[in-house]
Amino acid sequence: MERYEQRFVLYRRVSHAEQGRSGLGLEAQKRDLDLYLAGVEGAEVVADLVEVASGGKGDRPVLTEALELCRKQKATLLVAKLDRLSRQVSFVANLLEEKGVEFVVASLPQASRFELHLYAALAEQERTFISQRTKAALAAAKERGVVLGGARHHLPDLNRAKQEQVREEAEALAPLLLPLRQAGKSYKALAEHLNRAGVKTRT
């Protein structure tokens with residue numbers, strides 16, 4: 001077995017909107033990665049990196065760091081699902097063509113290069129459809145006379161929803177932060193770790 005087939009850089013990604021969604025959280029991704037690694041004899045984890053960013057965003061410093069580690073350590077990039085790597089078919093296609101970088105999708109361990117390219121195209125299409133549906137829903141609401149933005153009588157419900165979102169985001173980040181706190185890391189060190197992972201404040 002080649003060296004890169006035994007050494008892995010784990011990459012987990014969530015967007016702010018996905019952090020509390022079933023199947024897309026950090027813990028769910030870690031579970032899928034661990035299940036894959038359990039089936040690889042002598043598997044060695046070089047690094048486990050986490051990023052909070054949109055899958056359609058081009059500038060993702062943690063992913064860049066993960067790929068650079070793969071090149072230097074002759075390791076394979078391991079992601080739980082293809083859309084955790086990217087929702088841009090061009091990005092996945094370029095990565096498939098790049099020599100010196102291998103990646104594996106834990107949920108599609110036997111997928112061929114063609115199949116990965118196809119799944120990437122579907123993921124990009126889904127992102128486009130989501131954007132189109134959101135715009136259409138907002139336009140329909142406006143036509144019904146719903147005023148978008150500004151203060152409204154439903155603000156208490158909105159605030160409760162935001163509080164729930166904050167709670168879900170905190171729970172999603174707990175697996176990332178708790179081990180650091182248990183290791184005695186300072187709050188400054190936690191903040192630096194979050195900055196490196198691309199986690200921004202809500203404001």
# chains A, B, ... in the order shown; residues from 1 in each chain; ligands from 1

$ residues_around --residues "Leu116 (chain A)" --least-positions-apart "6" --cutoff "10 Å" --atoms "only C-alpha atoms" --output "PyMOL selection string"
chain A and resi 82+89+92-93+96+104-105+108+110+122

$ atom_distance --atom1 "CA of Arg84 (chain A)" --atom2 "CA of Arg13 (chain A)"
5.5 Å

$ atom_distance --atom1 "CA of Ala47 (chain A)" --atom2 "CA of Phe114 (chain A)"
27.8 Å

$ atom_distance --atom1 "CA of Val79 (chain A)" --atom2 "CA of Pro109 (chain A)"
10.3 Å

$ closest_residue --among "A:Leu138, A:Val46, A:Val14, A:Leu95" --to "Ala28 (chain A)" --atoms "only C-alpha atoms"
A:Val14
